[in-house]
>>> print(open('data04.cif').read())   # mmCIF, C-alpha atoms and all ligand atoms
data_final
#
loop_
_atom_site.group_PDB
_atom_site.id
_atom_site.type_symbol
_atom_site.label_atom_id
_atom_site.label_comp_id
_atom_site.auth_asym_id
_atom_site.auth_seq_id
_atom_site.Cartn_x
_atom_site.Cartn_y
_atom_site.Cartn_z
ATOM 1 C CA MET K 1 -0.692 10.652 15.652
ATOM 2 C CA LYS K 2 -1.463 12.690 12.487
ATOM 3 C CA GLU K 3 -1.348 9.544 10.329
ATOM 4 C CA ALA K 4 -4.602 8.360 11.924
ATOM 5 C CA ALA K 5 -6.454 10.958 9.836
ATOM 6 C CA TRP K 6 -6.079 8.734 6.749
ATOM 7 C CA TRP K 7 -7.365 5.264 5.872
ATOM 8 C CA TRP K 8 -4.642 2.622 5.521
ATOM 9 C CA PRO K 9 -4.544 -0.428 3.243
ATOM 10 C CA VAL K 10 -4.067 -3.627 5.248
ATOM 11 C CA ALA K 11 -5.088 -6.609 3.089
ATOM 12 C CA LEU K 12 -6.486 -7.744 -0.216
ATOM 13 C CA ALA K 13 -10.273 -7.464 -0.356
ATOM 14 C CA ASP K 14 -10.535 -11.246 -0.379
ATOM 15 C CA ASP K 15 -8.023 -12.088 2.361
ATOM 16 C CA ALA K 16 -8.824 -14.160 5.473
ATOM 17 C CA ARG K 17 -11.358 -16.366 3.664
ATOM 18 C CA ASP K 18 -9.593 -19.448 5.071
ATOM 19 C CA GLY K 19 -9.286 -18.285 8.661
ATOM 20 C CA PRO K 20 -7.769 -15.520 10.785
ATOM 21 C CA VAL K 21 -4.718 -13.709 9.441
ATOM 22 C CA ALA K 22 -2.165 -11.724 11.456
ATOM 23 C CA LEU K 23 -1.433 -8.204 10.165
ATOM 24 C CA GLN K 24 0.565 -5.217 11.265
ATOM 25 C CA LEU K 25 -0.142 -1.499 10.970
ATOM 26 C CA PHE K 26 1.846 1.260 12.698
ATOM 27 C CA ASP K 27 3.625 -1.344 14.854
ATOM 28 C CA ARG K 28 0.279 -2.691 16.067
ATOM 29 C CA ARG K 29 -0.494 -6.379 15.797
ATOM 30 C CA LEU K 30 -3.935 -6.912 14.287
ATOM 31 C CA VAL K 31 -6.018 -9.895 13.291
ATOM 32 C CA LEU K 32 -8.219 -9.972 10.205
ATOM 33 C CA TRP K 33 -10.978 -12.571 10.176
ATOM 34 C CA ARG K 34 -14.524 -13.028 8.869
ATOM 35 C CA ASP K 35 -17.771 -13.657 10.689
ATOM 36 C CA ALA K 36 -20.401 -16.257 9.723
ATOM 37 C CA GLN K 37 -21.661 -13.946 6.947
ATOM 38 C CA GLY K 38 -18.131 -13.549 5.552
ATOM 39 C CA ARG K 39 -17.891 -9.915 6.659
ATOM 40 C CA PRO K 40 -14.320 -8.873 7.476
ATOM 41 C CA SER K 41 -13.407 -7.726 10.970
ATOM 42 C CA LEU K 42 -10.126 -6.207 12.133
ATOM 43 C CA LEU K 43 -9.314 -6.543 15.824
ATOM 44 C CA ALA K 44 -6.335 -6.023 18.085
ATOM 45 C CA ASP K 45 -4.396 -9.283 17.949
ATOM 46 C CA GLN K 46 -4.180 -9.538 21.717
ATOM 47 C CA CYS K 47 -6.759 -11.278 23.850
ATOM 48 C CA SER K 48 -8.233 -9.175 26.660
ATOM 49 C CA HIS K 49 -7.831 -12.136 29.062
ATOM 50 C CA ARG K 50 -4.115 -12.999 29.064
ATOM 51 C CA GLY K 51 -2.842 -11.366 25.910
ATOM 52 C CA ALA K 52 -2.554 -14.419 23.630
ATOM 53 C CA ARG K 53 -2.633 -13.808 19.893
ATOM 54 C CA LEU K 54 -6.164 -14.162 18.559
ATOM 55 C CA SER K 55 -4.774 -14.794 15.064
ATOM 56 C CA MET K 56 -3.621 -18.197 16.401
ATOM 57 C CA GLY K 57 -7.227 -19.019 17.247
ATOM 58 C CA ARG K 58 -10.042 -20.283 15.099
ATOM 59 C CA LEU K 59 -13.666 -19.632 14.282
ATOM 60 C CA HIS K 60 -16.386 -21.003 16.504
ATOM 61 C CA GLY K 61 -20.060 -20.322 15.772
ATOM 62 C CA GLY K 62 -19.269 -17.167 13.796
ATOM 63 C CA ALA K 63 -17.025 -15.784 16.545
ATOM 64 C CA LEU K 64 -13.240 -15.687 16.851
ATOM 65 C CA GLN K 65 -12.048 -18.057 19.561
ATOM 66 C CA CYS K 66 -8.829 -17.369 21.459
ATOM 67 C CA PRO K 67 -6.327 -20.272 21.321
ATOM 68 C CA TYR K 68 -5.542 -20.063 25.058
ATOM 69 C CA HIS K 69 -8.736 -20.328 27.178
ATOM 70 C CA GLY K 70 -11.251 -20.176 24.351
ATOM 71 C CA TRP K 71 -12.821 -16.784 25.018
ATOM 72 C CA ARG K 72 -14.859 -15.821 21.966
ATOM 73 C CA PHE K 73 -15.163 -12.408 20.326
ATOM 74 C CA ASP K 74 -17.662 -11.057 17.820
ATOM 75 C CA ALA K 75 -16.897 -8.893 14.779
ATOM 76 C CA ALA K 76 -17.112 -5.731 16.891
ATOM 77 C CA GLY K 77 -14.525 -7.111 19.348
ATOM 78 C CA ARG K 78 -17.056 -7.814 22.130
ATOM 79 C CA CYS K 79 -16.351 -10.870 24.241
ATOM 80 C CA VAL K 80 -19.414 -13.086 23.807
ATOM 81 C CA ALA K 81 -18.397 -16.255 25.663
ATOM 82 C CA VAL K 82 -16.081 -17.387 28.448
ATOM 83 C CA PRO K 83 -16.138 -21.201 28.242
ATOM 84 C CA ALA K 84 -14.866 -21.658 31.828
ATOM 85 C CA GLN K 85 -18.007 -19.861 33.073
ATOM 86 C CA PRO K 86 -20.997 -21.099 31.048
ATOM 87 C CA GLY K 87 -23.929 -18.651 31.190
ATOM 88 C CA PHE K 88 -21.698 -15.728 32.198
ATOM 89 C CA THR K 89 -22.219 -12.472 30.299
ATOM 90 C CA PRO K 90 -18.812 -10.850 29.830
ATOM 91 C CA PRO K 91 -18.669 -7.111 30.586
ATOM 92 C CA ASP K 92 -17.664 -4.480 28.012
ATOM 93 C CA SER K 93 -14.252 -4.300 29.648
ATOM 94 C CA SER K 94 -13.527 -7.763 28.215
ATOM 95 C CA SER K 95 -13.718 -6.389 24.651
ATOM 96 C CA VAL K 96 -10.741 -6.053 22.333
ATOM 97 C CA GLU K 97 -10.257 -3.000 20.120
ATOM 98 C CA CYS K 98 -11.980 -3.109 16.724
ATOM 99 C CA LEU K 99 -10.743 -1.015 13.798
ATOM 100 C CA PRO K 100 -13.343 0.063 11.206
ATOM 101 C CA LEU K 101 -12.745 -1.370 7.730
ATOM 102 C CA ARG K 102 -13.752 -0.293 4.243
ATOM 103 C CA GLU K 103 -13.257 -1.950 0.907
ATOM 104 C CA ALA K 104 -11.855 0.054 -2.015
ATOM 105 C CA HIS K 105 -9.530 -0.499 -4.989
ATOM 106 C CA GLY K 106 -9.454 -4.257 -4.377
ATOM 107 C CA LEU K 107 -8.114 -3.811 -0.852
ATOM 108 C CA LEU K 108 -9.375 -3.506 2.716
ATOM 109 C CA TRP K 109 -8.602 -0.177 4.372
ATOM 110 C CA ALA K 110 -8.435 0.357 8.120
ATOM 111 C CA ASP K 111 -9.213 3.364 10.262
ATOM 112 C CA ALA K 112 -6.361 3.447 12.759
ATOM 113 C CA GLY K 113 -8.161 5.919 15.025
ATOM 114 C CA GLY K 114 -10.246 8.766 13.618
ATOM 115 C CA ALA K 115 -9.812 8.799 9.818
ATOM 116 C CA SER K 116 -11.115 12.147 8.590
ATOM 117 C CA HIS K 117 -9.761 12.202 5.020
ATOM 118 C CA PRO K 118 -11.737 10.296 2.387
ATOM 119 C CA LEU K 119 -10.254 7.132 0.881
ATOM 120 C CA PRO K 120 -7.847 7.885 -1.978
ATOM 121 C CA ALA K 121 -9.834 8.584 -5.151
ATOM 122 C CA LEU K 122 -8.642 7.640 -8.626
ATOM 123 C CA PRO K 123 -9.113 9.885 -11.636
ATOM 124 C CA SER K 124 -10.545 8.022 -14.619
ATOM 125 C CA VAL K 125 -8.523 4.876 -15.281
ATOM 126 C CA ALA K 126 -8.885 1.942 -17.674
ATOM 127 C CA PRO K 127 -11.445 -0.673 -16.608
ATOM 128 C CA ARG K 128 -9.326 -3.828 -16.331
ATOM 129 C CA ARG K 129 -7.829 -3.941 -12.829
ATOM 130 C CA LEU K 130 -5.135 -6.279 -11.572
ATOM 131 C CA VAL K 131 -3.841 -6.082 -8.016
ATOM 132 C CA TYR K 132 -0.325 -7.383 -7.303
ATOM 133 C CA GLY K 133 1.115 -8.220 -3.920
ATOM 134 C CA PRO K 134 1.623 -8.104 -1.075
ATOM 135 C CA PHE K 135 5.323 -7.294 -1.316
ATOM 136 C CA ASP K 136 6.841 -7.119 2.170
ATOM 137 C CA THR K 137 9.721 -4.700 1.965
ATOM 138 C CA ALA K 138 12.405 -3.822 4.486
ATOM 139 C CA THR K 139 12.225 -0.072 4.128
ATOM 140 C CA SER K 140 9.828 2.641 5.222
ATOM 141 C CA ALA K 141 6.587 3.127 3.292
ATOM 142 C CA PRO K 142 7.541 6.668 2.175
ATOM 143 C CA ARG K 143 10.890 5.435 0.783
ATOM 144 C CA ALA K 144 8.904 2.953 -1.342
ATOM 145 C CA VAL K 145 6.447 5.628 -2.504
ATOM 146 C CA GLU K 146 9.259 8.037 -3.344
ATOM 147 C CA ASN K 147 10.884 5.293 -5.448
ATOM 148 C CA PHE K 148 7.583 4.899 -7.328
ATOM 149 C CA LEU K 149 7.698 8.646 -8.092
ATOM 150 C CA ASP K 150 11.362 8.598 -9.118
ATOM 151 C CA THR K 151 12.252 8.287 -12.798
ATOM 152 C CA SER K 152 15.994 8.940 -12.794
ATOM 153 C CA HIS K 153 16.683 5.409 -11.512
ATOM 154 C CA PHE K 154 15.116 3.764 -14.583
ATOM 155 C CA ALA K 155 18.304 3.762 -16.696
ATOM 156 C CA PHE K 156 20.181 1.969 -13.911
ATOM 157 C CA VAL K 157 17.776 -0.214 -11.947
ATOM 158 C CA HIS K 158 15.513 -1.079 -14.899
ATOM 159 C CA GLU K 159 18.090 -0.972 -17.717
ATOM 160 C CA GLY K 160 16.637 -2.519 -20.851
ATOM 161 C CA TRP K 161 13.124 -2.430 -19.364
ATOM 162 C CA LEU K 162 11.907 0.971 -18.193
ATOM 163 C CA GLY K 163 15.180 2.785 -18.910
ATOM 164 C CA ASP K 164 18.035 2.988 -21.372
ATOM 165 C CA ALA K 165 21.644 3.491 -20.245
ATOM 166 C CA GLN K 166 22.179 5.607 -23.385
ATOM 167 C CA HIS K 167 19.385 7.946 -22.224
ATOM 168 C CA PRO K 168 19.710 8.505 -18.474
ATOM 169 C CA GLU K 169 18.782 12.190 -18.796
ATOM 170 C CA VAL K 170 15.538 13.372 -17.203
ATOM 171 C CA PRO K 171 13.918 16.086 -19.319
ATOM 172 C CA PRO K 172 12.735 19.185 -17.440
ATOM 173 C CA TYR K 173 9.292 18.716 -15.950
ATOM 174 C CA GLU K 174 6.959 20.826 -13.897
ATOM 175 C CA VAL K 175 5.387 19.847 -10.596
ATOM 176 C CA THR K 176 1.951 21.274 -9.914
ATOM 177 C CA HIS K 177 -0.419 20.576 -7.029
ATOM 178 C CA THR K 178 -4.030 19.548 -6.605
ATOM 179 C CA ALA K 179 -6.348 21.913 -4.728
ATOM 180 C CA ASP K 180 -5.640 19.924 -1.558
ATOM 181 C CA GLY K 181 -1.870 20.183 -2.008
ATOM 182 C CA ARG K 182 -0.951 16.801 -3.526
ATOM 183 C CA PRO K 183 1.958 16.908 -6.023
ATOM 184 C CA VAL K 184 1.228 16.169 -9.693
ATOM 185 C CA ILE K 185 3.287 16.003 -12.896
ATOM 186 C CA GLU K 186 0.929 16.358 -15.845
ATOM 187 C CA CYS K 187 3.408 15.345 -18.507
ATOM 188 C CA TYR K 188 6.756 13.654 -18.359
ATOM 189 C CA ARG K 189 8.202 12.171 -21.564
ATOM 190 C CA ALA K 190 10.695 9.302 -21.521
ATOM 191 C CA TRP K 191 12.176 6.768 -23.889
ATOM 192 C CA GLN K 192 11.607 3.224 -22.688
ATOM 193 C CA PRO K 193 13.147 0.076 -24.172
ATOM 194 C CA ARG K 194 10.343 -2.096 -22.830
ATOM 195 C CA ALA K 195 7.534 -0.111 -21.280
ATOM 196 C CA SER K 196 5.025 -2.905 -20.659
ATOM 197 C CA ALA K 197 4.482 -6.652 -20.818
ATOM 198 C CA THR K 198 3.370 -6.365 -24.465
ATOM 199 C CA SER K 199 6.037 -3.964 -25.802
ATOM 200 C CA ALA K 200 7.706 -5.242 -28.972
ATOM 201 C CA GLY K 201 10.457 -2.622 -28.789
ATOM 202 C CA GLY K 202 11.329 0.832 -27.519
ATOM 203 C CA ASP K 203 8.724 3.543 -27.282
ATOM 204 C CA TRP K 204 8.287 7.170 -26.265
ATOM 205 C CA VAL K 205 6.117 7.124 -23.200
ATOM 206 C CA GLU K 206 4.231 9.988 -21.592
ATOM 207 C CA TYR K 207 3.831 9.721 -17.869
ATOM 208 C CA ARG K 208 1.432 11.479 -15.557
ATOM 209 C CA TYR K 209 2.115 11.261 -11.825
ATOM 210 C CA GLU K 210 -0.192 12.083 -8.941
ATOM 211 C CA VAL K 211 0.359 11.598 -5.226
ATOM 212 C CA LEU K 212 -2.962 10.252 -3.910
ATOM 213 C CA SER K 213 -2.369 10.325 -0.163
ATOM 214 C CA PRO K 214 0.707 10.281 2.088
ATOM 215 C CA TYR K 215 1.725 6.727 1.159
ATOM 216 C CA ALA K 216 -0.073 6.196 -2.144
ATOM 217 C CA ALA K 217 0.516 7.371 -5.696
ATOM 218 C CA LEU K 218 -0.707 6.911 -9.241
ATOM 219 C CA LEU K 219 1.090 6.973 -12.549
ATOM 220 C CA THR K 220 -0.451 6.773 -15.985
ATOM 221 C CA LYS K 221 1.578 5.811 -19.036
ATOM 222 C CA ARG K 222 0.640 6.468 -22.627
ATOM 223 C CA GLY K 223 2.790 4.925 -25.326
ATOM 224 C CA GLN K 224 2.416 5.234 -29.088
ATOM 225 C CA ALA K 225 -1.036 5.787 -30.585
ATOM 226 C CA GLY K 226 -2.959 2.537 -30.496
ATOM 227 C CA GLY K 227 -0.827 1.068 -27.687
ATOM 228 C CA PRO K 228 -2.295 0.268 -24.298
ATOM 229 C CA GLU K 229 -2.937 2.925 -21.705
ATOM 230 C CA ASP K 230 -1.768 1.729 -18.325
ATOM 231 C CA SER K 231 -2.185 3.270 -14.912
ATOM 232 C CA TYR K 232 -0.447 1.944 -11.835
ATOM 233 C CA THR K 233 -0.984 2.672 -8.184
ATOM 234 C CA ILE K 234 1.231 1.945 -5.237
ATOM 235 C CA TRP K 235 -0.614 1.323 -1.976
ATOM 236 C CA ALA K 236 1.775 1.198 0.967
ATOM 237 C CA CYS K 237 0.906 -0.088 4.427
ATOM 238 C CA PRO K 238 3.355 1.116 7.105
ATOM 239 C CA THR K 239 3.915 -2.010 9.190
ATOM 240 C CA THR K 240 6.755 -0.507 11.238
ATOM 241 C CA PRO K 241 8.657 2.795 10.733
ATOM 242 C CA GLU K 242 11.254 0.852 8.731
ATOM 243 C CA SER K 243 9.198 -1.786 6.931
ATOM 244 C CA CYS K 244 6.123 -1.794 4.779
ATOM 245 C CA ARG K 245 3.737 -4.018 2.908
ATOM 246 C CA LEU K 246 3.073 -2.910 -0.665
ATOM 247 C CA TRP K 247 0.436 -3.629 -3.253
ATOM 248 C CA PHE K 248 0.520 -2.407 -6.817
ATOM 249 C CA ALA K 249 -2.572 -2.173 -8.971
ATOM 250 C CA GLN K 250 -2.603 -1.927 -12.732
ATOM 251 C CA TYR K 251 -5.506 -0.482 -14.705
ATOM 252 C CA THR K 252 -5.120 -1.238 -18.386
ATOM 253 C CA THR K 253 -6.874 -0.975 -21.730
ATOM 254 C CA ASP K 254 -5.054 -4.202 -22.666
ATOM 255 C CA GLU K 255 -7.841 -6.784 -22.497
ATOM 256 C CA ASP K 256 -5.873 -9.570 -24.169
ATOM 257 C CA THR K 257 -2.633 -10.204 -22.304
ATOM 258 C CA PRO K 258 -3.125 -12.967 -19.701
ATOM 259 C CA ALA K 259 -3.059 -11.816 -16.093
ATOM 260 C CA GLN K 260 -0.070 -14.067 -15.383
ATOM 261 C CA ALA K 261 2.068 -12.308 -18.029
ATOM 262 C CA LEU K 262 1.130 -8.892 -16.597
ATOM 263 C CA LEU K 263 1.928 -10.126 -13.098
ATOM 264 C CA ASP K 264 5.286 -11.588 -14.200
ATOM 265 C CA PHE K 265 6.251 -8.200 -15.673
ATOM 266 C CA GLN K 266 5.422 -6.367 -12.431
ATOM 267 C CA VAL K 267 7.206 -8.938 -10.295
ATOM 268 C CA THR K 268 10.300 -8.563 -12.485
ATOM 269 C CA ILE K 269 10.226 -4.761 -12.216
ATOM 270 C CA PHE K 270 9.784 -4.829 -8.430
ATOM 271 C CA SER K 271 12.492 -7.488 -7.998
ATOM 272 C CA GLN K 272 14.832 -4.946 -9.641
ATOM 273 C CA ASP K 273 13.699 -2.189 -7.251
ATOM 274 C CA GLN K 274 13.581 -4.115 -3.993
ATOM 275 C CA PRO K 275 17.306 -4.748 -3.284
ATOM 276 C CA VAL K 276 18.198 -1.108 -3.926
ATOM 277 C CA LEU K 277 15.239 0.130 -1.880
ATOM 278 C CA GLU K 278 16.233 -2.101 1.030
ATOM 279 C CA SER K 279 19.841 -0.900 0.808
ATOM 280 C CA GLN K 280 18.950 2.757 1.356
ATOM 281 C CA GLN K 281 20.080 4.369 4.594
ATOM 282 C CA PRO K 282 18.429 5.684 6.604
ATOM 283 C CA LYS K 283 15.385 3.509 6.041
ATOM 284 C CA ARG K 284 13.179 6.373 7.205
ATOM 285 C CA LEU K 285 12.663 9.109 4.610
ATOM 286 C CA PRO K 286 14.571 12.275 5.560
ATOM 287 C CA LEU K 287 12.206 15.248 5.540
ATOM 288 C CA SER K 288 14.593 17.803 6.980
ATOM 289 C CA GLY K 289 17.550 17.753 4.634
ATOM 290 C CA GLY K 290 20.575 15.502 4.802
ATOM 291 C CA GLU K 291 20.236 14.121 1.256
ATOM 292 C CA ALA K 292 21.384 15.818 -1.961
ATOM 293 C CA MET K 293 18.654 16.936 -4.376
ATOM 294 C CA GLY K 294 19.003 17.669 -8.089
ATOM 295 C CA ALA K 295 16.714 19.086 -10.760
ATOM 296 C CA ALA K 296 15.586 15.546 -11.663
ATOM 297 C CA ASP K 297 14.403 15.099 -8.075
ATOM 298 C CA ARG K 298 11.778 17.850 -8.145
ATOM 299 C CA LEU K 299 8.941 15.407 -7.625
ATOM 300 C CA SER K 300 10.733 13.710 -4.722
ATOM 301 C CA ALA K 301 11.301 17.110 -3.141
ATOM 302 C CA ALA K 302 7.642 18.027 -3.637
ATOM 303 C CA TYR K 303 6.573 14.696 -2.111
ATOM 304 C CA ARG K 304 8.724 15.331 0.971
ATOM 305 C CA ARG K 305 7.286 18.844 1.376
ATOM 306 C CA TYR K 306 3.780 17.369 1.068
ATOM 307 C CA LEU K 307 4.471 14.786 3.814
ATOM 308 C CA LYS K 308 5.796 17.545 6.023
ATOM 309 C CA ALA K 309 2.711 19.691 5.376
ATOM 310 C CA CYS K 310 0.507 16.679 6.264
ATOM 311 C CA GLY K 311 2.354 16.347 9.571
ATOM 312 C CA ILE K 312 3.539 12.818 8.783
ATOM 313 C CA GLY K 313 5.910 11.638 11.483
ATOM 314 C CA TYR K 314 5.938 7.866 10.955
ATOM 315 C CA GLY K 315 8.588 6.309 8.703
ATOM 316 C CA VAL K 316 10.360 9.625 8.296
ATOM 317 C CA CYS K 317 13.274 11.326 10.014
HETATM 318 S S1 LIG K 401 -5.701 -15.457 26.800
HETATM 319 FE FE1 LIG K 401 -7.398 -15.513 25.492
HETATM 320 S S2 LIG K 401 -8.810 -16.697 26.537
HETATM 321 FE FE2 LIG K 401 -7.193 -16.527 27.916
HETATM 322 FE FE FE K 402 11.822 1.264 -10.067
#
>>> encode(input="data04.cif", output="structure tokens")
Amino acid sequence: MKEAAWWWPVALADDARDGPVALQLFDRRLVLWRDAQGRPSLLADQCSHRGARLSMGRLHGGALQCPYHGWRFDAAGRCVAVPAQPGFTPPDSSSVECLPLREAHGLLWADAGGASHPLPALPSVAPRRLVYGPFDTATSAPRAVENFLDTSHFAFVHEGWLGDAQHPEVPPYEVTHTADGRPVIECYRAWQPRASATSAGGDWVEYRYEVLSPYAALLTKRGQAGGPEDSYTIWACPTTPESCRLWFAQYTTDEDTPAQALLDFQVTIFSQDQPVLESQQPKRLPLSGGEAMGAADRLSAAYRRYLKACGIGYGVC
């Protein structure tokens, strides 16, 4: 599976502090938990004994204890105790699979089997970071990322917020590419009635878009001089080919607006997107034609070509 060459976001950096949590990545059931030192561990959520879900278990002496017969596993997935046989040393074959984890951008990222690309890197962004989510969404991860890159829906889905029904036109823009082939728009200008949580009225906004990895993207917005500079990322975890778990992060120069007000704004915007996103058919993103494309869709088209060039086969059709 080509997708295994990238790292995948699976949880907030602080998740599983209160006990094991069940997760899903590429249709695989996983369990996130923390050892006695609080270090996160991501294991297959299927006991090597009789297949019970380890996420239904609990911690015992810094190990994860299966709910069925109490076998215990360490952070590397090794079985360290079989309570029915005290003193027995379980063989390696009793281990469960362990997926390497890294922390970045306020999230935990998993290696699903041989990640060779580096974690997505951000160009310089404002220092204040807020991470929103998870948003579990009934569409494929690439449909959600394409929506994040799409501006011509603003006048309809975000009317009065990010778009104005009197100005649905998308000015011409140019798509360029990074040295490693990721699509970028350096400058896209749009009129927005309410561009951010602190907007008092409409504003011309300059956008910069950059695809960061197959299911991740960044946009930076600059409003009028003196206004805040905001960057947003979408981090999409493909849970199944037709569902995903999303996080959004905001990086802002706005040091004053309370986090709750910034969160409320993002939740409102995504609650406008979600029903339309979940209505799209097919749920998998078509990479081989079958959907009409216009001049305003240049970035979407470039994103699809990029996924194809990466060999992405999951969540697409
Ligand atoms: S199924 Fe896990 S200990 Fe038996
Ligand atoms: Fe939207």
>>> residues_around(input="data04.cif", residues="K:Pro282", least_positions_apart="2", cutoff="9 Å", atoms="all atoms listed in the file", output="count of residues only")
8
>>> atom_distance(input="data04.cif", atom1="atom CA of K:Pro67", atom2="atom CA of K:Ala52")
7.3 Å
>>> closest_residue(input="data04.cif", among="K:Ser300, K:Ser152, K:Asn147, K:Thr176", to="K:Asp273", atoms="only C-alpha atoms")
K:Asn147
>>> residues_near_ligand(input="data04.cif", ligand="ligand FE 402 (chain K)", cutoff="12 Å", atoms="all atoms listed in the file", output="NGL selection string")
:K and (143-159 or 161-163 or 234 or 266-277)
>>> resolve_selection(input="data04.cif", expression="the PyMOL selection byres (((not hetatm)) within 10 of (chain K and resi 401))", output="list of chain:residue names")
K:Gln46, K:Cys47, K:Ser48, K:His49, K:Arg50, K:Gly51, K:Ala52, K:Arg53, K:Leu54, K:Gly57, K:Gln65, K:Cys66, K:Pro67, K:Tyr68, K:His69, K:Gly70, K:Trp71, K:Arg72, K:Phe73, K:Cys79, K:Ala81, K:Val82, K:Pro83, K:Ala84
>>> resolve_selection(input="data04.cif", expression="the PyMOL selection byres (((chain K and resi 15) around 10) and not hetatm)", output="MDAnalysis selection string")
chainID K and resid 10:14 16:21 32:34 40 107:108
>>> resolve_selection(input="data04.cif", expression="the PyMOL selection byres (((chain K and resi 27) around 8) and not hetatm)", output="MDAnalysis selection string")
chainID K and resid 24:26 28:29 239:241
>>> atom_distance(input="data04.cif", atom1="atom CA of K:Val205", atom2="atom CA of K:Ile185")
13.9 Å
>>> residues_around(input="data04.cif", residues="K:Ala216", least_positions_apart="4", cutoff="10 Å", atoms="all atoms listed in the file", output="list of chain:residue names")
K:Trp8, K:Pro9, K:Pro120, K:Ala141, K:Pro142, K:Ala144, K:Val145, K:Glu146, K:Phe148, K:Glu210, K:Val211, K:Leu212, K:Thr233, K:Ile234, K:Trp235, K:Ala236, K:Cys237, K:Leu246, K:Trp247, K:Phe248
>>> residues_near_point(input="data04.cif", point="(-9.3, -5.0, 15.1)", cutoff="6 Å", atoms="all atoms listed in the file", output="list of chain:residue names")
K:Leu30, K:Leu42, K:Leu43, K:Ala44, K:Glu97, K:Cys98, K:Leu99
>>> atom_distance(input="data04.cif", atom1="atom CA of K:Ala4", atom2="atom CA of K:Gly114")
5.9 Å
>>> closest_residue(input="data04.cif", among="K:Ala195, K:Thr252, K:Thr220, K:Trp6", to="K:Gly113", atoms="all atoms listed in the file")
K:Trp6
>>> closest_residue(input="data04.cif", among="K:Met1, K:Leu287, K:Cys310, K:Ala110", to="K:Ser213", atoms="only C-alpha atoms")
K:Cys310
>>> residues_around(input="data04.cif", residues="K:Val125", least_positions_apart="2", cutoff="12 Å", atoms="all atoms listed in the file", output="list in words")
His105, Ala121, Leu122, Pro123, Pro127, Arg128, Arg129, Arg208, Leu218, Leu219, Thr220, Lys221, Arg222, Pro228, Glu229, Asp230, Ser231, Tyr232, Thr233, Ala249, Gln250, Tyr251, Thr252 and Thr253 of chain K
